[in-house]
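Q: Next comes the structure file start_9.cif, holding mmCIF, C-alpha atoms and all ligand atoms.
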```cif
data_upload
loop_
_atom_site.group_PDB
_atom_site.id
_atom_site.type_symbol
_atom_site.label_atom_id
_atom_site.label_comp_id
_atom_site.auth_asym_id
_atom_site.auth_seq_id
_atom_site.Cartn_x
_atom_site.Cartn_y
_atom_site.Cartn_z
ATOM 1 C CA MET A 29 121.243 73.427 50.357
ATOM 2 C CA SER A 30 123.667 73.681 47.503
ATOM 3 C CA SER A 31 123.118 70.059 46.459
ATOM 4 C CA TYR A 32 119.362 70.678 46.572
ATOM 5 C CA LEU A 33 119.885 73.594 44.188
ATOM 6 C CA ASN A 34 121.984 71.452 41.879
ATOM 7 C CA ILE A 35 119.289 68.807 41.706
ATOM 8 C CA SER A 36 116.637 71.439 40.986
ATOM 9 C CA LEU A 37 118.751 72.920 38.233
ATOM 10 C CA SER A 38 119.288 69.608 36.453
ATOM 11 C CA ALA A 39 115.587 68.784 36.793
ATOM 12 C CA LEU A 40 114.787 72.166 35.238
ATOM 13 C CA LEU A 41 117.216 71.572 32.393
ATOM 14 C CA MET A 42 115.765 68.118 31.733
ATOM 15 C CA ALA A 43 112.254 69.559 31.794
ATOM 16 C CA SER A 44 113.139 72.301 29.330
ATOM 17 C CA ALA A 45 114.898 69.783 27.072
ATOM 18 C CA SER A 46 111.802 67.597 26.976
ATOM 19 C CA ILE A 47 109.616 70.628 26.223
ATOM 20 C CA ALA A 48 111.906 71.568 23.365
ATOM 21 C CA PHE A 49 111.914 68.052 21.946
ATOM 22 C CA SER A 50 108.191 67.434 22.313
ATOM 23 C CA ALA A 51 107.329 70.752 20.644
ATOM 24 C CA PRO A 52 105.300 70.672 17.414
ATOM 25 C CA GLY A 53 108.490 71.725 15.615
ATOM 26 C CA LEU A 54 109.908 68.211 15.950
ATOM 27 C CA ALA A 55 108.486 67.014 12.645
ATOM 28 C CA ALA A 56 109.744 70.173 10.948
ATOM 29 C CA SER A 57 113.118 69.649 12.593
ATOM 30 C CA LYS A 58 113.473 66.202 11.064
ATOM 31 C CA ALA A 59 112.423 67.535 7.680
ATOM 32 C CA SER A 60 114.927 70.405 7.880
ATOM 33 C CA ILE A 61 117.739 68.062 8.770
ATOM 34 C CA ARG A 62 116.935 65.839 5.820
ATOM 35 C CA GLN A 63 116.562 68.723 3.396
ATOM 36 C CA ASN A 64 119.782 70.375 4.499
ATOM 37 C CA ALA A 65 121.999 67.363 3.976
ATOM 38 C CA ASP A 66 124.645 69.370 2.098
ATOM 39 C CA VAL A 67 125.479 71.421 5.227
ATOM 40 C CA ASP A 68 127.851 70.046 7.895
ATOM 41 C CA PRO A 69 125.674 67.846 10.156
ATOM 42 C CA ARG A 70 127.427 69.129 13.289
ATOM 43 C CA GLY A 71 125.851 72.542 12.684
ATOM 44 C CA GLN A 72 122.413 70.960 12.458
ATOM 45 C CA VAL A 73 122.892 69.118 15.744
ATOM 46 C CA LEU A 74 124.257 72.196 17.556
ATOM 47 C CA SER A 75 121.325 74.236 16.242
ATOM 48 C CA LEU A 76 118.802 71.982 17.978
ATOM 49 C CA SER A 77 119.603 73.760 21.254
ATOM 50 C CA CYS A 78 118.234 76.992 19.729
ATOM 51 C CA ALA A 79 114.999 75.474 18.412
ATOM 52 C CA GLY A 80 113.029 75.827 21.662
ATOM 53 C CA CYS A 81 113.140 79.610 21.267
ATOM 54 C CA HIS A 82 113.909 80.203 17.580
ATOM 55 C CA GLY A 83 112.200 77.258 15.897
ATOM 56 C CA THR A 84 114.104 74.840 13.702
ATOM 57 C CA ASP A 85 114.579 77.429 10.960
ATOM 58 C CA GLY A 86 114.794 80.769 12.825
ATOM 59 C CA LYS A 87 111.047 81.569 12.812
ATOM 60 C CA SER A 88 110.953 82.347 16.520
ATOM 61 C CA ALA A 89 108.112 81.976 18.992
ATOM 62 C CA GLY A 90 106.344 84.947 20.620
ATOM 63 C CA ILE A 91 108.462 87.998 21.432
ATOM 64 C CA ILE A 92 111.767 86.325 20.556
ATOM 65 C CA PRO A 93 113.279 87.908 17.418
ATOM 66 C CA SER A 94 113.191 85.793 14.259
ATOM 67 C CA PHE A 95 116.224 85.442 12.022
ATOM 68 C CA TYR A 96 114.532 83.369 9.331
ATOM 69 C CA GLY A 97 115.971 84.331 5.957
ATOM 70 C CA LYS A 98 119.109 86.034 7.342
ATOM 71 C CA SER A 99 122.504 85.163 5.879
ATOM 72 C CA PRO A 100 125.097 82.956 7.592
ATOM 73 C CA GLU A 101 127.294 86.069 7.911
ATOM 74 C CA TYR A 102 124.550 88.019 9.725
ATOM 75 C CA ILE A 103 123.872 85.195 12.183
ATOM 76 C CA GLU A 104 127.565 84.515 12.831
ATOM 77 C CA SER A 105 128.294 88.166 13.494
ATOM 78 C CA ALA A 106 125.257 88.474 15.830
ATOM 79 C CA LEU A 107 126.383 85.407 17.814
ATOM 80 C CA ARG A 108 129.970 86.672 18.067
ATOM 81 C CA ASP A 109 128.726 90.071 19.279
ATOM 82 C CA PHE A 110 126.514 88.408 21.924
ATOM 83 C CA LYS A 111 129.423 86.199 23.018
ATOM 84 C CA ALA A 112 131.756 89.184 23.324
ATOM 85 C CA GLY A 113 129.128 91.203 25.205
ATOM 86 C CA GLU A 114 129.185 93.820 22.440
ATOM 87 C CA ARG A 115 125.477 93.459 21.780
ATOM 88 C CA ALA A 116 122.917 93.946 24.548
ATOM 89 C CA SER A 117 120.976 90.807 25.420
ATOM 90 C CA THR A 118 118.895 89.104 28.065
ATOM 91 C CA VAL A 119 119.750 85.463 27.337
ATOM 92 C CA MET A 120 121.826 85.341 24.158
ATOM 93 C CA MET A 121 125.152 86.269 25.751
ATOM 94 C CA ARG A 122 124.835 83.225 27.996
ATOM 95 C CA HIS A 123 123.946 80.952 25.097
ATOM 96 C CA ALA A 124 126.625 82.265 22.757
ATOM 97 C CA LYS A 125 129.333 81.908 25.421
ATOM 98 C CA GLY A 126 128.725 78.159 25.440
ATOM 99 C CA TYR A 127 130.056 77.746 21.905
ATOM 100 C CA THR A 128 133.511 77.948 20.367
ATOM 101 C CA ASP A 129 133.979 80.227 17.355
ATOM 102 C CA ASP A 130 134.062 77.125 15.119
ATOM 103 C CA GLU A 131 130.749 75.926 16.540
ATOM 104 C CA ILE A 132 129.220 79.388 16.034
ATOM 105 C CA HIS A 133 130.334 79.205 12.415
ATOM 106 C CA LEU A 134 128.677 75.791 11.983
ATOM 107 C CA ILE A 135 125.428 76.986 13.615
ATOM 108 C CA ALA A 136 125.374 80.104 11.410
ATOM 109 C CA GLN A 137 125.927 78.000 8.290
ATOM 110 C CA TYR A 138 122.969 75.831 9.253
ATOM 111 C CA PHE A 139 120.457 78.586 10.146
ATOM 112 C CA GLY A 140 121.714 80.836 7.353
ATOM 113 C CA THR A 141 120.933 78.288 4.656
ATOM 114 C CA VAL A 142 118.107 76.080 5.960
ATOM 115 C CA TRP A 143 115.393 78.609 5.020
ATOM 116 C CA GLY A 144 116.419 78.534 1.370
ATOM 117 C CA LYS A 145 115.907 74.761 1.323
ATOM 118 C CA ASN A 146 112.369 75.068 2.744
ATOM 119 C CA LYS A 147 110.952 77.420 0.089
HETATM 120 C C1 LIG A 201 115.896 80.890 25.931
HETATM 121 C C2 LIG A 201 115.537 81.263 24.579
HETATM 122 C C3 LIG A 201 116.655 81.366 23.545
HETATM 123 C C4 LIG A 201 117.511 80.380 23.129
HETATM 124 C C5 LIG A 201 117.606 78.940 23.618
HETATM 125 C C6 LIG A 201 118.301 80.965 22.067
HETATM 126 N N1 LIG A 201 117.931 82.258 21.848
HETATM 127 FE FE1 LIG A 201 118.656 83.504 20.417
HETATM 128 N N2 LIG A 201 117.547 85.038 21.127
HETATM 129 C C7 LIG A 201 116.709 84.943 22.235
HETATM 130 C C8 LIG A 201 116.308 86.290 22.630
HETATM 131 C C9 LIG A 201 115.380 86.636 23.790
HETATM 132 C C10 LIG A 201 116.950 87.174 21.736
HETATM 133 C C11 LIG A 201 116.945 88.736 21.782
HETATM 134 C C12 LIG A 201 118.280 89.153 22.439
HETATM 135 C C13 LIG A 201 118.251 88.867 23.939
HETATM 136 O O1 LIG A 201 117.470 89.480 24.646
HETATM 137 O O2 LIG A 201 119.052 88.001 24.412
HETATM 138 C C14 LIG A 201 117.673 86.353 20.776
HETATM 139 C C15 LIG A 201 118.388 86.860 19.699
HETATM 140 C C16 LIG A 201 119.056 86.077 18.773
HETATM 141 C C17 LIG A 201 119.641 86.542 17.533
HETATM 142 C C18 LIG A 201 119.588 87.957 16.978
HETATM 143 C C19 LIG A 201 118.415 88.063 16.018
HETATM 144 C C20 LIG A 201 118.448 89.322 15.176
HETATM 145 O O3 LIG A 201 117.407 89.650 14.611
HETATM 146 O O4 LIG A 201 119.493 89.971 15.068
HETATM 147 C C21 LIG A 201 120.234 85.475 16.943
HETATM 148 C C22 LIG A 201 120.985 85.461 15.614
HETATM 149 C C23 LIG A 201 120.024 84.337 17.809
HETATM 150 N N3 LIG A 201 119.291 84.735 18.914
HETATM 151 C C24 LIG A 201 120.497 83.090 17.548
HETATM 152 C C25 LIG A 201 120.395 82.013 18.455
HETATM 153 C C26 LIG A 201 121.063 80.750 18.268
HETATM 154 C C27 LIG A 201 121.901 80.394 17.042
HETATM 155 C C28 LIG A 201 120.776 79.982 19.365
HETATM 156 C C29 LIG A 201 121.320 78.615 19.715
HETATM 157 C C30 LIG A 201 122.761 78.540 19.856
HETATM 158 C C31 LIG A 201 119.884 80.755 20.208
HETATM 159 N N4 LIG A 201 119.702 81.988 19.625
HETATM 160 C C32 LIG A 201 119.303 80.292 21.378
HETATM 161 C C33 LIG A 201 116.304 83.769 22.869
HETATM 162 C C34 LIG A 201 116.942 82.556 22.752
#
```
Let me see the file written as C-alpha cells.
A:
Amino acid sequence: MSSYLNISLSALLMASASIAFSAPGLAASKASIRQNADVDPRGQVLSLSCAGCHGTDGKSAGIIPSFYGKSPEYIESALRDFKAGERASTVMMRHAKGYTDDEIHLIAQYFGTVWGKNK
C-alpha cells in the first residue's frame, strides 16, 4: 500500500511538472530569463518551480495572489515569514520550507527585478 502511494505521488508530481512546463507561460519564461541576464541565473532556475501558480513574473493565475511589481525585499520577507510559519498560508509554508535562506534570497532577487525588465 505504501509503495502504491509513493508511485502515485511521483506520478502526480511528474504530471504537475509537465503541466507547468507546457503552460502558455513557457515562451514568456524564456524571454524573462534572457532579459534578466544580469541577475544570478540560479535564482531564475529556482523561480521556475513557482511559475505554475505565480507565472514567470509574479502575475499569478486565478485566486492566487500576484506579487508582480513587488520589491525583492518584500518577496524575501514574505517567503521567510511563510517558512517560519509566521504568516498564515495554505500552500506557501510547504513551498518556502523547501528552500534555504540563500535560495530564498536568490528567488526574491529574480522575481523582485524581472518585472522592471519587462516594461
Ligand atoms: C501550488 C501553487 C503555488 C506555488 C507552486 C507557489 N505559490 Fe506562492 N502562493 C500561493 C498561494 C495560494 C498563496 C497565498 C498564501 C497561501 O495560501 O499559501 C501564495 C502567496 C505567495 C506570496 C505572497 C504574495 C503577497 O501578495 O504577499 C509570495 C511572495 C509567493 N507566494 C511567492 C512564491 C514563490 C517565490 C514560489 C516558488 C518558490 C511560490 N510562491 C510557489 C500558491 C503557490
Q: May I have the residues within 7 Å of ligand LIG 201 (chain A), computed using only C-alpha atoms and all ligand atoms, as a list in words?
A: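 If we count only C-alpha atoms and all ligand atoms, the neighbours of ligand LIG 201 (chain A) turn out to be Leu74, Ser75, Ser77, Cys78, Ala79, Gly80, Cys81, His82, Ile92, Pro93, Ser94, Phe95, Ile103, Ala106, Leu107, Ala116, Ser117, Thr118, Val119, Met120, Met121, His123, Ala124, Ile135 and Ala136 of chain A.
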Q: Keeping only C-alpha atoms, write the selected residues to a file as an mmCIF file, in the coordinates of the input.
A:
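Saved result, result.cif, follows:
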```
data_model
loop_
_atom_site.group_PDB
_atom_site.id
_atom_site.type_symbol
_atom_site.label_atom_id
_atom_site.label_comp_id
_atom_site.auth_asym_id
_atom_site.auth_seq_id
_atom_site.Cartn_x
_atom_site.Cartn_y
_atom_site.Cartn_z
ATOM 1 C CA LEU A 74 124.257 72.196 17.556
ATOM 2 C CA SER A 75 121.325 74.236 16.242
ATOM 3 C CA SER A 77 119.603 73.760 21.254
ATOM 4 C CA CYS A 78 118.234 76.992 19.729
ATOM 5 C CA ALA A 79 114.999 75.474 18.412
ATOM 6 C CA GLY A 80 113.029 75.827 21.662
ATOM 7 C CA CYS A 81 113.140 79.610 21.267
ATOM 8 C CA HIS A 82 113.909 80.203 17.580
ATOM 9 C CA ILE A 92 111.767 86.325 20.556
ATOM 10 C CA PRO A 93 113.279 87.908 17.418
ATOM 11 C CA SER A 94 113.191 85.793 14.259
ATOM 12 C CA PHE A 95 116.224 85.442 12.022
ATOM 13 C CA ILE A 103 123.872 85.195 12.183
ATOM 14 C CA ALA A 106 125.257 88.474 15.830
ATOM 15 C CA LEU A 107 126.383 85.407 17.814
ATOM 16 C CA ALA A 116 122.917 93.946 24.548
ATOM 17 C CA SER A 117 120.976 90.807 25.420
ATOM 18 C CA THR A 118 118.895 89.104 28.065
ATOM 19 C CA VAL A 119 119.750 85.463 27.337
ATOM 20 C CA MET A 120 121.826 85.341 24.158
ATOM 21 C CA MET A 121 125.152 86.269 25.751
ATOM 22 C CA HIS A 123 123.946 80.952 25.097
ATOM 23 C CA ALA A 124 126.625 82.265 22.757
ATOM 24 C CA ILE A 135 125.428 76.986 13.615
ATOM 25 C CA ALA A 136 125.374 80.104 11.410
#
```
Q: Quick one: distance from CA of Gly90 in chain A to CA of His133 in chain A in Å, one decimal?
A: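 Taking CA of Gly90 in chain A as the start and CA of His133 in chain A as the end point, the length is 26.0 Å.
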Q: Tell me, in Å to one decimal, how far CA of Leu76 in chain A is from CA of Leu134 in chain A.
A: 12.2 Å
Q: Would you kindly return, as a list in words, each protein, DNA or RNA residue with an atom no farther than 9 Å from any atom of Gln137 in chain A, considering all atoms listed in the file and excluding same-chain residues fewer than 5 positions away?
A: Val67, Asp68, Gly71, Gln72, Ser99, Pro100, Glu101, Ile103, Glu104, Ile132 and Val142 of chain A
Q: Could you check which of A:Arg115, A:Gly140, A:Lys145, A:Arg108 is closest to Tyr127 in chain A, using all atoms listed in the file?
A: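 For Tyr127 in chain A, the nearest of the given residues is A:Arg108.
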Q: For Thr141 in chain A, which residue out of A:Gly113, A:Arg122, A:Asp129, A:Lys98 is the nearest one, using all atoms listed in the file?
A: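 The answer is A:Lys98, which sits nearest to Thr141 in chain A.
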Q: Enclose the full set of atoms of range 124-136 of chain A listed in the file within a box whose edges lie along x, y and z, apply 3 Å of padding to each of the six sides, and report centre and edge lengths in Å to one decimal as AutoDock Vina command-line options.
A:
```
--center_x 129.7 --center_y 79.0 --center_z 18.4 --size_x 14.7 --size_y 12.5 --size_z 20.0
```
Q: What is the distance between CA of Glu131 in chain A and CA of Gly144 in chain A, in Å to one decimal?
A: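 Straight-line distance from CA of Glu131 in chain A to CA of Gly144 in chain A works out to 21.0 Å.
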Q: With only C-alpha atoms as the basis for distance, which of A:Phe110, A:Arg70, A:Ile91, A:Gly97 is at the shortest distance from Phe139 in chain A?
A: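 Counting only C-alpha atoms, the residue closest to Phe139 in chain A is A:Gly97.
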